[in-house]
Each structure stands twice: as C-alpha cells, then as structure tokens.
>>> print(open('final-v5.txt').read())   # compact mmCIF, C-alpha atoms
# COMPACT_ATOMS: atom_id res chain seq x y z
CA MET A 231 23.92 11.56 8.56
CA SER A 232 20.28 11.91 7.50
CA LYS A 233 18.14 14.41 9.38
CA PRO A 234 15.05 13.10 11.21
CA ALA A 235 11.80 13.19 9.28
CA GLU A 236 9.59 16.22 9.84
CA ARG A 237 5.79 16.38 9.85
CA PHE A 238 3.89 18.64 7.49
CA SER A 239 0.28 18.88 6.40
CA PHE A 240 -1.74 19.51 3.27
CA THR A 241 -5.46 20.33 2.99
CA THR A 242 -7.57 18.68 0.30
CA SER A 243 -10.27 20.35 -1.81
CA ASP A 244 -12.95 18.97 0.54
CA GLY A 245 -11.26 20.39 3.62
CA VAL A 246 -9.42 17.37 5.02
CA ARG A 247 -6.01 17.97 6.56
CA LEU A 248 -3.58 15.25 5.53
CA SER A 249 -0.42 14.73 7.55
CA PHE A 250 2.82 13.51 6.01
CA LEU A 251 6.39 12.82 7.00
CA SER A 252 9.22 14.20 4.87
CA ALA A 253 12.98 13.69 5.02
CA GLY A 254 15.88 14.45 2.71
CA ALA A 255 16.21 16.26 -0.60
CA GLY A 256 16.48 15.29 -4.24
CA PRO A 257 14.16 13.21 -6.43
CA THR A 258 10.87 12.63 -4.60
CA LEU A 259 9.85 9.17 -3.43
CA LEU A 260 6.21 9.48 -2.37
CA ILE A 261 5.01 6.51 -0.30
CA LEU A 262 1.41 5.42 0.21
CA HIS A 263 0.72 2.96 3.03
CA GLY A 264 -1.80 0.16 2.90
CA TRP A 265 -5.27 -0.21 4.38
CA SER A 266 -5.45 0.98 7.99
CA GLN A 267 -1.72 1.62 8.21
CA GLY A 268 0.32 4.80 8.32
CA ALA A 269 3.36 6.84 7.37
CA ALA A 270 5.15 5.98 10.63
CA LEU A 271 5.63 2.39 9.45
CA PHE A 272 8.06 3.62 6.76
CA LYS A 273 10.59 4.85 9.31
CA TYR A 274 13.37 2.72 7.80
CA GLN A 275 12.81 4.21 4.35
CA LEU A 276 12.59 7.77 5.72
CA SER A 277 15.88 7.31 7.56
CA GLY A 278 17.63 4.92 5.17
CA LEU A 279 16.93 6.58 1.83
CA SER A 280 16.75 10.28 2.64
CA ASP A 281 20.46 10.77 1.97
CA ARG A 282 19.68 10.59 -1.78
CA TYR A 283 15.92 11.22 -2.14
CA ARG A 284 13.23 13.42 -0.70
CA VAL A 285 11.20 10.67 0.97
CA ILE A 286 7.58 11.55 1.71
CA ALA A 287 5.25 9.15 3.54
CA LEU A 288 1.61 10.21 3.58
CA ASP A 289 -1.04 9.43 6.18
CA MET A 290 -4.09 9.03 3.94
CA ARG A 291 -7.39 10.43 5.16
CA GLY A 292 -8.59 8.75 8.35
CA HIS A 293 -5.19 7.17 8.95
CA GLY A 294 -2.32 8.03 11.26
CA GLN A 295 -2.25 11.69 12.21
CA SER A 296 -4.46 12.89 9.36
CA ASP A 297 -8.01 14.17 9.87
CA LYS A 298 -10.70 11.55 10.27
CA PRO A 299 -13.80 12.87 8.48
CA LEU A 300 -16.90 10.75 8.06
CA HIS A 301 -16.69 10.81 4.26
CA GLY A 302 -14.37 9.84 1.43
CA TYR A 303 -13.34 6.27 2.29
CA ARG A 304 -13.14 5.08 -1.29
CA ILE A 305 -10.06 4.28 -3.34
CA ALA A 306 -11.12 6.89 -5.90
CA ARG A 307 -11.28 9.68 -3.30
CA LEU A 308 -7.88 8.68 -1.91
CA ALA A 309 -6.55 8.87 -5.48
CA LYS A 310 -8.00 12.36 -5.80
CA ASP A 311 -6.28 13.32 -2.52
CA LEU A 312 -3.03 12.03 -4.02
CA GLN A 313 -3.54 14.03 -7.21
CA GLU A 314 -4.14 17.22 -5.23
CA MET A 315 -1.07 16.64 -3.09
CA ILE A 316 1.12 16.00 -6.15
CA SER A 317 -0.22 19.16 -7.77
CA ALA A 318 0.63 21.17 -4.65
CA LEU A 319 4.12 19.74 -4.22
CA ALA A 320 4.96 19.64 -7.96
CA PRO A 321 7.82 17.15 -7.42
CA GLN A 322 10.17 16.40 -10.32
CA PRO A 323 11.12 13.67 -10.78
CA LEU A 324 8.46 11.70 -8.92
CA TYR A 325 8.63 8.08 -7.87
CA LEU A 326 5.37 6.60 -6.49
CA LEU A 327 5.44 3.66 -4.08
CA GLY A 328 2.26 1.92 -2.94
CA HIS A 329 2.10 -0.80 -0.34
CA SER A 330 -0.95 -3.08 -0.40
CA ALA A 331 -4.08 -0.90 -0.82
CA GLY A 332 -1.73 2.02 -1.47
CA ALA A 333 -0.98 0.35 -4.80
CA SER A 334 -4.71 0.36 -5.59
CA VAL A 335 -4.78 4.09 -4.87
CA ILE A 336 -1.94 4.57 -7.35
CA TRP A 337 -3.73 2.44 -9.96
CA SER A 338 -6.82 4.60 -9.53
CA TYR A 339 -4.71 7.76 -9.76
CA LEU A 340 -3.06 6.57 -12.99
CA GLU A 341 -6.40 5.55 -14.50
CA MET A 342 -8.06 8.90 -13.76
CA PHE A 343 -5.21 11.38 -14.09
CA GLY A 344 -2.59 9.66 -16.25
CA ASP A 345 1.11 9.12 -15.68
CA ALA A 346 2.54 12.49 -16.76
CA GLY A 347 5.13 13.57 -14.23
CA VAL A 348 5.55 10.07 -12.79
CA SER A 349 8.98 8.62 -13.49
CA LYS A 350 8.85 5.19 -11.82
CA LEU A 351 6.41 3.02 -9.88
CA VAL A 352 6.83 0.58 -7.01
CA PHE A 353 4.09 -1.82 -5.89
CA ILE A 354 4.35 -3.95 -2.77
CA ASP A 355 2.07 -6.99 -2.49
CA GLU A 356 -1.33 -5.84 -3.75
CA PRO A 357 -3.42 -8.31 -5.78
CA ALA A 358 -5.34 -7.15 -8.82
CA ALA A 359 -8.64 -8.45 -7.39
CA LEU A 360 -9.04 -9.58 -3.79
CA LEU A 361 -12.64 -10.79 -3.97
CA ALA A 362 -13.12 -14.27 -5.41
CA GLN A 363 -15.94 -14.68 -7.91
CA PRO A 364 -17.72 -18.03 -7.51
CA TYR A 365 -17.40 -18.91 -11.22
CA TRP A 366 -13.63 -18.42 -11.42
CA SER A 367 -11.27 -21.32 -11.98
CA GLU A 368 -8.54 -21.97 -9.43
CA GLN A 369 -6.00 -20.47 -11.84
CA GLU A 370 -8.03 -17.28 -12.26
CA ARG A 371 -8.35 -16.97 -8.49
CA LEU A 372 -4.60 -17.39 -7.95
CA GLU A 373 -3.65 -14.93 -10.69
CA ALA A 374 -6.11 -12.35 -9.36
CA GLY A 375 -4.95 -12.89 -5.78
CA ALA A 376 -8.55 -13.36 -4.65
CA ILE A 377 -8.18 -14.65 -1.09
CA LEU A 378 -11.61 -13.56 0.19
CA THR A 379 -15.16 -14.67 -0.47
CA ALA A 380 -18.08 -12.28 -0.05
CA GLU A 381 -19.03 -14.07 3.16
CA GLN A 382 -15.53 -13.66 4.61
CA LEU A 383 -15.45 -10.00 3.58
CA PHE A 384 -18.64 -9.11 5.41
CA GLU A 385 -17.83 -11.29 8.39
CA PHE A 386 -14.56 -9.40 8.90
CA THR A 387 -16.01 -5.93 8.34
CA GLY A 388 -18.85 -6.82 10.70
CA GLN A 389 -16.26 -7.60 13.35
CA LEU A 390 -14.60 -4.23 12.74
CA ARG A 391 -17.89 -2.57 13.64
CA SER A 392 -18.31 -4.60 16.82
CA SER A 393 -16.70 -5.11 20.22
CA LYS A 394 -14.36 -7.56 18.47
CA ALA A 395 -12.77 -4.82 16.35
CA GLU A 396 -9.36 -4.76 18.03
CA GLU A 397 -9.15 -8.55 18.13
CA ALA A 398 -10.06 -8.78 14.43
CA THR A 399 -7.44 -6.15 13.60
CA ARG A 400 -4.77 -7.99 15.56
CA ASN A 401 -5.65 -11.32 13.93
CA ILE A 402 -5.49 -10.07 10.34
CA LEU A 403 -2.20 -8.26 10.94
CA MET A 404 -0.55 -11.22 12.60
CA SER A 405 -1.43 -13.36 9.57
CA MET A 406 0.74 -11.05 7.47
CA VAL A 407 4.06 -11.12 9.35
CA THR A 408 6.78 -13.70 9.96
CA PRO A 409 7.35 -15.40 13.33
CA ALA A 410 10.61 -13.44 13.59
CA MET A 411 8.86 -10.08 13.95
CA THR A 412 9.51 -8.92 17.51
CA PRO A 413 6.70 -8.34 20.01
CA ARG A 414 7.59 -4.64 20.04
CA GLN A 415 7.27 -4.42 16.25
CA ARG A 416 3.95 -6.28 16.38
CA GLU A 417 2.52 -3.88 18.96
CA GLU A 418 3.75 -0.89 16.98
CA LEU A 419 2.06 -2.23 13.86
CA ILE A 420 -1.22 -2.78 15.70
CA ALA A 421 -1.11 0.64 17.36
CA VAL A 422 -0.65 2.43 14.04
CA ASN A 423 -3.55 0.49 12.52
CA LEU A 424 -5.87 1.36 15.40
CA GLN A 425 -5.37 5.08 14.72
CA PHE A 426 -7.89 4.61 11.88
CA PRO A 427 -11.41 4.38 13.45
CA ARG A 428 -12.62 0.83 12.95
CA ALA A 429 -16.03 1.63 11.45
CA LEU A 430 -14.38 3.87 8.86
CA ALA A 431 -11.74 1.21 8.24
CA ALA A 432 -14.53 -1.26 7.48
CA ARG A 433 -15.92 1.01 4.78
CA LEU A 434 -12.56 1.42 3.08
CA PHE A 435 -11.82 -2.30 3.35
CA ILE A 436 -15.04 -3.13 1.48
CA ASP A 437 -14.30 -0.59 -1.24
CA ASN A 438 -10.75 -1.83 -1.76
CA VAL A 439 -11.56 -5.54 -1.71
CA THR A 440 -14.34 -5.15 -4.27
CA ARG A 441 -12.09 -3.39 -6.83
CA ASP A 442 -10.90 -5.39 -9.85
CA TRP A 443 -7.90 -3.85 -11.60
CA ARG A 444 -7.21 -6.64 -14.09
CA ASP A 445 -8.43 -4.61 -17.06
CA PHE A 446 -6.17 -1.68 -16.17
CA ILE A 447 -2.83 -3.07 -15.01
CA HIS A 448 -1.63 -3.97 -18.52
CA ARG A 449 -1.99 -0.27 -19.42
CA ILE A 450 0.79 0.74 -17.02
CA LYS A 451 3.79 1.85 -19.09
CA LYS A 452 6.20 3.39 -16.59
CA PRO A 453 9.21 1.44 -15.24
CA THR A 454 7.83 -0.66 -12.40
CA LEU A 455 9.23 -2.63 -9.48
CA ILE A 456 6.98 -5.27 -7.91
CA ALA A 457 8.08 -6.45 -4.47
CA PHE A 458 6.67 -9.51 -2.73
CA GLY A 459 7.38 -11.33 0.51
CA ARG A 460 7.06 -15.10 0.45
CA ALA A 461 5.24 -15.10 3.83
CA SER A 462 2.46 -12.92 2.44
CA PRO A 463 -1.09 -14.31 2.68
CA HIS A 464 -1.45 -13.55 -1.02
CA PRO A 465 -0.45 -16.18 -3.59
CA VAL A 466 2.78 -15.46 -5.42
CA GLU A 467 0.93 -16.14 -8.69
CA CYS A 468 -0.91 -12.81 -8.39
CA GLN A 469 2.37 -10.87 -8.32
CA GLN A 470 3.77 -12.93 -11.17
CA TRP A 471 0.62 -12.10 -13.15
CA ILE A 472 1.05 -8.36 -12.55
CA HIS A 473 4.71 -8.68 -13.57
CA GLN A 474 3.65 -10.34 -16.82
CA GLN A 475 1.09 -7.63 -17.56
CA ILE A 476 3.45 -4.66 -17.10
CA LYS A 477 6.02 -4.83 -19.86
CA GLY A 478 9.59 -4.45 -18.68
CA SER A 479 8.63 -4.62 -15.01
CA ARG A 480 10.90 -6.14 -12.38
CA LEU A 481 9.66 -8.67 -9.81
CA GLU A 482 11.64 -9.16 -6.60
CA ILE A 483 10.69 -11.85 -4.08
CA ILE A 484 12.10 -11.79 -0.55
CA GLU A 485 12.00 -15.18 1.17
CA ALA A 486 10.29 -15.61 4.53
CA GLU A 487 13.50 -16.47 6.36
CA ASP A 488 14.91 -13.13 5.16
CA GLY A 489 11.94 -11.13 6.47
CA GLY A 490 9.82 -11.43 3.36
CA SER A 491 6.31 -10.78 4.64
CA HIS A 492 3.48 -8.47 3.65
CA PHE A 493 5.42 -5.88 5.65
CA LEU A 494 8.80 -6.60 4.06
CA PHE A 495 9.81 -2.94 4.31
CA LEU A 496 9.57 -3.35 8.11
CA GLU A 497 10.91 -6.89 8.46
CA ALA A 498 13.65 -6.70 5.81
CA PRO A 499 14.35 -2.97 5.58
CA GLN A 500 17.97 -3.12 4.50
CA ARG A 501 17.31 -5.70 1.79
CA PHE A 502 14.25 -3.81 0.58
CA ASN A 503 15.97 -0.42 0.61
CA THR A 504 18.85 -1.85 -1.44
CA LEU A 505 16.43 -3.26 -4.03
CA LEU A 506 14.51 -0.01 -4.12
CA GLN A 507 17.59 2.19 -4.48
CA ASP A 508 18.98 -0.04 -7.23
CA PHE A 509 15.70 0.21 -9.15
CA LEU A 510 15.29 3.97 -8.72
CA ASP A 511 18.88 4.72 -9.69
CA SER A 512 18.92 2.44 -12.73
>>> encode(input="final-v5.txt", output="structure tokens")
Amino acid sequence: MSKPAERFSFTTSDGVRLSFLSAGAGPTLLILHGWSQGAALFKYQLSGLSDRYRVIALDMRGHGQSDKPLHGYRIARLAKDLQEMISALAPQPLYLLGHSAGASVIWSYLEMFGDAGVSKLVFIDEPAALLAQPYWSEQERLEAGAILTAEQLFEFTGQLRSSKAEEATRNILMSMVTPAMTPRQREELIAVNLQFPRALAARLFIDNVTRDWRDFIHRIKKPTLIAFGRASPHPVECQQWIHQQIKGSRLEIIEAEDGGSHFLFLEAPQRFNTLLQDFLDS
C-alpha cells in the first residue's frame, strides 16, 4: 500500500518558500498545476502512482500552501522557480507533467533552460495561444485554442480584483467540469483556487493568456503525451495541432461521459492514471 504524501518545502533564489507534496520512490514525476490551482488536486496521482514513481506535486508561488509574495507572477518566473527546484532535487529520470498553465510553465522552462535531464513530457489541455487576434481566421483561432478576446480577458481580471472575485472564480471553474462532478468535488476545487489571492491571480492570468507558444512547440523533441477531455472549454483542434507539431507525440482524448473535462485527472483519475503509467513505462 502506498504511503500518504508528505509536505516539504524549497526556497527560491528570491526568497520564496514553495511547498510541495511528495509520495513514493523511483523515477520522478513532477507535476505542475494550472492557473490558480494547487498540488492538493493531484491526490489521485499521489496515491495511485506512488507505488512505482516518486510523485511530486508543487504549489507554485502564490498558490496552495506556498508563500504569497507580491512579485513574480509571470510564466517566466514560475519557470525559473521550476529550474531551481529541479537543480536542488536533481531527479533522474525526470518526467514533467503540466496541467493547463502548468504546461506553459514547462514550455517556458524548456525554451530557457533546455531539455537535458528531462525524459518525458505530459501536457494536459493547454492551448498554444489563448488570446484571439482580431485578424486571425477561424481555423487559426481553433488551432491556437484562442477562446478569449482582449475585452473578455480584462473583464474577467477586473472581476478578480473586485467584490465579484469569488463569483467569477466559481463561474470559470464550473465551465470546465462535467455535470457528474459531485458538489463536494466542486467545493474542493473552488477552495483550492481561492488560496491564491485574487489580485495576484489576475496578474498571472493576464501573463499566461497573452503568451503565444506557437513558434516554440514544434521544437519540443522529448516523448510527449497530450491529454484532453472532451468537455474542456478549449477546442479539440488546439490539442490536435500541438500533437501534429511535436513529432512522435501521443494524443489521448477522454470523452465527457467518462469524466473527460479540463480536470480529467480529478474526474477520471483511474483512466488517466492508466494512460499516464502506460506512457511513462513505454
């Protein structure tokens, strides 16, 4: 039987204490959550995969139980935090998994620091470019995964800085899950998200949404698994596009009736863990 995950911490070069959960031993699977989420949401991976891997789920700065400084809420700084943590842990082999904005952090890490020491990559439902440019064709928008206009971006982040912050958080999260998610799971998801102060979350949201990774993704050379839930608010075309750009990558789609949402690792944990284990062991 797997032992429960334990909490540890790591301090970055700019003095921020990052909290992370760790369980198991063996090859290291290092998990990065998405925007305004947290390590606690990967409880099924920490418990279900730690019999064969050392599973580490990080609370990125500002999130979960990590410190909440007033600086550093950019994808590039989160990638630097990741690089410093990897250097400290020196895991071999290393598998990197990024959910949503966590995938953007990994893309930034790979672009700045290279892929030496990384054995395999897993990306869950992050588009290459979330912000729609007004001159794009419909096909370009779908392939990029651009579901937001500039007006929608600033309307939402304005709400995060207002008395409507919790309501706006709840609304965006509920648009990303299936009707089958239980009320308890929904409240857990919302509670973890609200651990990230809303004004800081707004800053990171803007930085992530305005990134465009389309000129980088084709440069990824490591074995890659791309996982997508059919009930995601993102168009499936954007994940198919990423799959086409990364040679030899594997795309797995989980249908909505099977728990395939933006949070497929929560709604379809057994199915997802099986896919993940099969990919990592292959």
>>> residues_around(input="final-v5.txt", residues="Ala235 in chain A", least_positions_apart="5", cutoff="9 Å", atoms="all atoms listed in the file", output="PyMOL selection string")
chain A and resi 251-254+273+276-277+280+285-286
>>> closest_atom_pairs(input="final-v5.txt", of="range 249-310 of chain A", to="range 439-453 of chain A", cutoff="12 Å", atoms="all atoms listed in the file", output="CSV")
residue,atom,partner,partner_atom,distance
A:Trp265,CA,A:Val439,CA,10.2
A:Arg304,CA,A:Arg441,CA,10.2
A:Ile305,CA,A:Arg441,CA,8.7
A:Ala306,CA,A:Arg441,CA,10.4
>>> atom_distance(input="final-v5.txt", atom1="CA of Gln322 in chain A", atom2="CA of Ala498 in chain A")
28.4 Å
>>> residues_around(input="final-v5.txt", residues="Leu403 in chain A", least_positions_apart="6", cutoff="12 Å", atoms="all atoms listed in the file", output="count of residues only")
22
>>> residues_around(input="final-v5.txt", residues="range 425-434 of chain A", least_positions_apart="6", cutoff="8 Å", atoms="all atoms listed in the file", output="PDB file with C-alpha atoms, in the frame of the given file")
ATOM      1  CA  TRP A 265      -5.270  -0.210   4.380  1.00  0.00           C
ATOM      2  CA  SER A 266      -5.450   0.980   7.990  1.00  0.00           C
ATOM      3  CA  GLN A 267      -1.720   1.620   8.210  1.00  0.00           C
ATOM      4  CA  GLY A 292      -8.590   8.750   8.350  1.00  0.00           C
ATOM      5  CA  HIS A 293      -5.190   7.170   8.950  1.00  0.00           C
ATOM      6  CA  GLY A 294      -2.320   8.030  11.260  1.00  0.00           C
ATOM      7  CA  GLN A 295      -2.250  11.690  12.210  1.00  0.00           C
ATOM      8  CA  LYS A 298     -10.700  11.550  10.270  1.00  0.00           C
ATOM      9  CA  LEU A 300     -16.900  10.750   8.060  1.00  0.00           C
ATOM     10  CA  TYR A 303     -13.340   6.270   2.290  1.00  0.00           C
ATOM     11  CA  ARG A 304     -13.140   5.080  -1.290  1.00  0.00           C
ATOM     12  CA  ILE A 305     -10.060   4.280  -3.340  1.00  0.00           C
ATOM     13  CA  THR A 387     -16.010  -5.930   8.340  1.00  0.00           C
ATOM     14  CA  GLY A 388     -18.850  -6.820  10.700  1.00  0.00           C
ATOM     15  CA  LEU A 390     -14.600  -4.230  12.740  1.00  0.00           C
ATOM     16  CA  ARG A 391     -17.890  -2.570  13.640  1.00  0.00           C
ATOM     17  CA  ALA A 395     -12.770  -4.820  16.350  1.00  0.00           C
TER      18      ALA A 395
END
>>> atom_distance(input="final-v5.txt", atom1="CA of Ile316 in chain A", atom2="CA of Met290 in chain A")
13.3 Å
>>> closest_residue(input="final-v5.txt", among="A:Asp345, A:Glu368, A:Asp244, A:Glu373", to="His464 in chain A", atoms="only C-alpha atoms")
A:Glu373
>>> closest_residue(input="final-v5.txt", among="A:Leu327, A:Ile476, A:Ile436, A:Leu262", to="Phe509 in chain A", atoms="all atoms listed in the file")
A:Leu327
>>> residues_around(input="final-v5.txt", residues="Val352 in chain A", least_positions_apart="2", cutoff="6 Å", atoms="only C-alpha atoms", output="VMD selection string")
chain A and resid 327 454 to 456
>>> write_last_selection(input="final-v5.txt", atoms="C-alpha atoms", output="tab-separated table (two decimals), in the coordinates of the input")
chain	number	residue	atom	x	y	z
A	327	LEU	CA	5.44	3.66	-4.08
A	454	THR	CA	7.83	-0.66	-12.40
A	455	LEU	CA	9.23	-2.63	-9.48
A	456	ILE	CA	6.98	-5.27	-7.91
>>> atom_distance(input="final-v5.txt", atom1="CA of Gln507 in chain A", atom2="CA of Gln474 in chain A")
22.4 Å
>>> closest_residue(input="final-v5.txt", among="A:His473, A:Phe435, A:Leu361, A:Phe386", to="Arg400 in chain A", atoms="only C-alpha atoms")
A:Phe386
>>> decode(input="final-v5.txt", residues="range 398-409 of chain A", atoms="all heavy atoms", output="PDB file, in the first residue's frame")
ATOM      1  N   ALA A 398     -16.696  35.152  -9.792  1.00  0.00           N
ATOM      2  CA  ALA A 398     -16.023  34.984 -11.079  1.00  0.00           C
ATOM      3  C   ALA A 398     -15.183  33.712 -11.090  1.00  0.00           C
ATOM      4  O   ALA A 398     -15.134  32.988 -12.090  1.00  0.00           O
ATOM      5  CB  ALA A 398     -15.148  36.200 -11.372  1.00  0.00           C
ATOM      6  N   THR A 399     -14.530  33.428  -9.964  1.00  0.00           N
ATOM      7  CA  THR A 399     -13.731  32.207  -9.844  1.00  0.00           C
ATOM      8  C   THR A 399     -14.618  30.978  -9.972  1.00  0.00           C
ATOM      9  O   THR A 399     -14.310  30.036 -10.713  1.00  0.00           O
ATOM     10  CB  THR A 399     -13.000  32.187  -8.491  1.00  0.00           C
ATOM     11  OG1 THR A 399     -12.160  33.343  -8.386  1.00  0.00           O
ATOM     12  CG2 THR A 399     -12.161  30.918  -8.343  1.00  0.00           C
ATOM     13  N   ARG A 400     -15.713  30.992  -9.243  1.00  0.00           N
ATOM     14  CA  ARG A 400     -16.647  29.860  -9.283  1.00  0.00           C
ATOM     15  C   ARG A 400     -17.175  29.645 -10.709  1.00  0.00           C
ATOM     16  O   ARG A 400     -17.229  28.509 -11.198  1.00  0.00           O
ATOM     17  CB  ARG A 400     -17.804  30.117  -8.316  1.00  0.00           C
ATOM     18  CG  ARG A 400     -18.808  28.988  -8.199  1.00  0.00           C
ATOM     19  CD  ARG A 400     -19.877  29.329  -7.170  1.00  0.00           C
ATOM     20  NE  ARG A 400     -19.340  29.394  -5.820  1.00  0.00           N
ATOM     21  CZ  ARG A 400     -19.257  28.356  -4.998  1.00  0.00           C
ATOM     22  NH1 ARG A 400     -19.676  27.154  -5.397  1.00  0.00           N
ATOM     23  NH2 ARG A 400     -18.758  28.502  -3.783  1.00  0.00           N
ATOM     24  N   ASN A 401     -17.532  30.724 -11.379  1.00  0.00           N
ATOM     25  CA  ASN A 401     -18.113  30.610 -12.717  1.00  0.00           C
ATOM     26  C   ASN A 401     -17.130  30.018 -13.724  1.00  0.00           C
ATOM     27  O   ASN A 401     -17.491  29.150 -14.528  1.00  0.00           O
ATOM     28  CB  ASN A 401     -18.600  31.975 -13.202  1.00  0.00           C
ATOM     29  CG  ASN A 401     -19.844  32.447 -12.472  1.00  0.00           C
ATOM     30  OD1 ASN A 401     -20.555  31.650 -11.852  1.00  0.00           O
ATOM     31  ND2 ASN A 401     -20.120  33.738 -12.528  1.00  0.00           N
ATOM     32  N   ILE A 402     -15.883  30.481 -13.692  1.00  0.00           N
ATOM     33  CA  ILE A 402     -14.926  29.964 -14.677  1.00  0.00           C
ATOM     34  C   ILE A 402     -14.606  28.503 -14.400  1.00  0.00           C
ATOM     35  O   ILE A 402     -14.478  27.693 -15.328  1.00  0.00           O
ATOM     36  CB  ILE A 402     -13.638  30.829 -14.727  1.00  0.00           C
ATOM     37  CG1 ILE A 402     -12.834  30.475 -15.998  1.00  0.00           C
ATOM     38  CG2 ILE A 402     -12.788  30.679 -13.474  1.00  0.00           C
ATOM     39  CD1 ILE A 402     -11.648  31.398 -16.256  1.00  0.00           C
ATOM     40  N   LEU A 403     -14.517  28.130 -13.132  1.00  0.00           N
ATOM     41  CA  LEU A 403     -14.221  26.734 -12.809  1.00  0.00           C
ATOM     42  C   LEU A 403     -15.363  25.808 -13.190  1.00  0.00           C
ATOM     43  O   LEU A 403     -15.139  24.707 -13.712  1.00  0.00           O
ATOM     44  CB  LEU A 403     -13.905  26.593 -11.322  1.00  0.00           C
ATOM     45  CG  LEU A 403     -12.600  27.226 -10.852  1.00  0.00           C
ATOM     46  CD1 LEU A 403     -12.506  27.179  -9.331  1.00  0.00           C
ATOM     47  CD2 LEU A 403     -11.395  26.535 -11.480  1.00  0.00           C
ATOM     48  N   MET A 404     -16.579  26.234 -12.949  1.00  0.00           N
ATOM     49  CA  MET A 404     -17.722  25.381 -13.260  1.00  0.00           C
ATOM     50  C   MET A 404     -17.928  25.214 -14.763  1.00  0.00           C
ATOM     51  O   MET A 404     -18.596  24.271 -15.198  1.00  0.00           O
ATOM     52  CB  MET A 404     -18.983  25.915 -12.585  1.00  0.00           C
ATOM     53  CG  MET A 404     -18.946  25.837 -11.047  1.00  0.00           C
ATOM     54  SD  MET A 404     -18.578  24.165 -10.379  1.00  0.00           S
ATOM     55  CE  MET A 404     -16.789  24.261 -10.067  1.00  0.00           C
ATOM     56  N   SER A 405     -17.333  26.091 -15.562  1.00  0.00           N
ATOM     57  CA  SER A 405     -17.399  25.933 -17.020  1.00  0.00           C
ATOM     58  C   SER A 405     -16.414  24.890 -17.522  1.00  0.00           C
ATOM     59  O   SER A 405     -16.408  24.558 -18.711  1.00  0.00           O
ATOM     60  CB  SER A 405     -17.108  27.272 -17.708  1.00  0.00           C
ATOM     61  OG  SER A 405     -15.725  27.610 -17.616  1.00  0.00           O
ATOM     62  N   MET A 406     -15.594  24.359 -16.616  1.00  0.00           N
ATOM     63  CA  MET A 406     -14.514  23.451 -17.007  1.00  0.00           C
ATOM     64  C   MET A 406     -14.717  22.024 -16.529  1.00  0.00           C
ATOM     65  O   MET A 406     -13.834  21.184 -16.715  1.00  0.00           O
ATOM     66  CB  MET A 406     -13.182  23.973 -16.450  1.00  0.00           C
ATOM     67  CG  MET A 406     -12.768  25.309 -16.998  1.00  0.00           C
ATOM     68  SD  MET A 406     -11.208  25.855 -16.228  1.00  0.00           S
ATOM     69  CE  MET A 406     -10.889  27.347 -17.177  1.00  0.00           C
ATOM     70  N   VAL A 407     -15.843  21.736 -15.876  1.00  0.00           N
ATOM     71  CA  VAL A 407     -16.080  20.401 -15.330  1.00  0.00           C
ATOM     72  C   VAL A 407     -17.332  19.797 -15.961  1.00  0.00           C
ATOM     73  O   VAL A 407     -18.112  20.489 -16.611  1.00  0.00           O
ATOM     74  CB  VAL A 407     -16.228  20.447 -13.791  1.00  0.00           C
ATOM     75  CG1 VAL A 407     -14.978  21.042 -13.161  1.00  0.00           C
ATOM     76  CG2 VAL A 407     -17.451  21.240 -13.369  1.00  0.00           C
ATOM     77  N   THR A 408     -17.528  18.494 -15.752  1.00  0.00           N
ATOM     78  CA  THR A 408     -18.728  17.846 -16.274  1.00  0.00           C
ATOM     79  C   THR A 408     -19.854  17.930 -15.245  1.00  0.00           C
ATOM     80  O   THR A 408     -19.600  18.134 -14.049  1.00  0.00           O
ATOM     81  CB  THR A 408     -18.469  16.355 -16.590  1.00  0.00           C
ATOM     82  OG1 THR A 408     -18.351  15.638 -15.359  1.00  0.00           O
ATOM     83  CG2 THR A 408     -17.214  16.174 -17.425  1.00  0.00           C
ATOM     84  N   PRO A 409     -21.093  17.754 -15.660  1.00  0.00           N
ATOM     85  CA  PRO A 409     -22.208  17.746 -14.705  1.00  0.00           C
ATOM     86  C   PRO A 409     -22.091  16.658 -13.649  1.00  0.00           C
ATOM     87  O   PRO A 409     -22.703  16.755 -12.584  1.00  0.00           O
ATOM     88  CB  PRO A 409     -23.430  17.519 -15.599  1.00  0.00           C
ATOM     89  CG  PRO A 409     -23.018  17.985 -16.958  1.00  0.00           C
ATOM     90  CD  PRO A 409     -21.559  17.658 -17.055  1.00  0.00           C
TER      91      PRO A 409
END
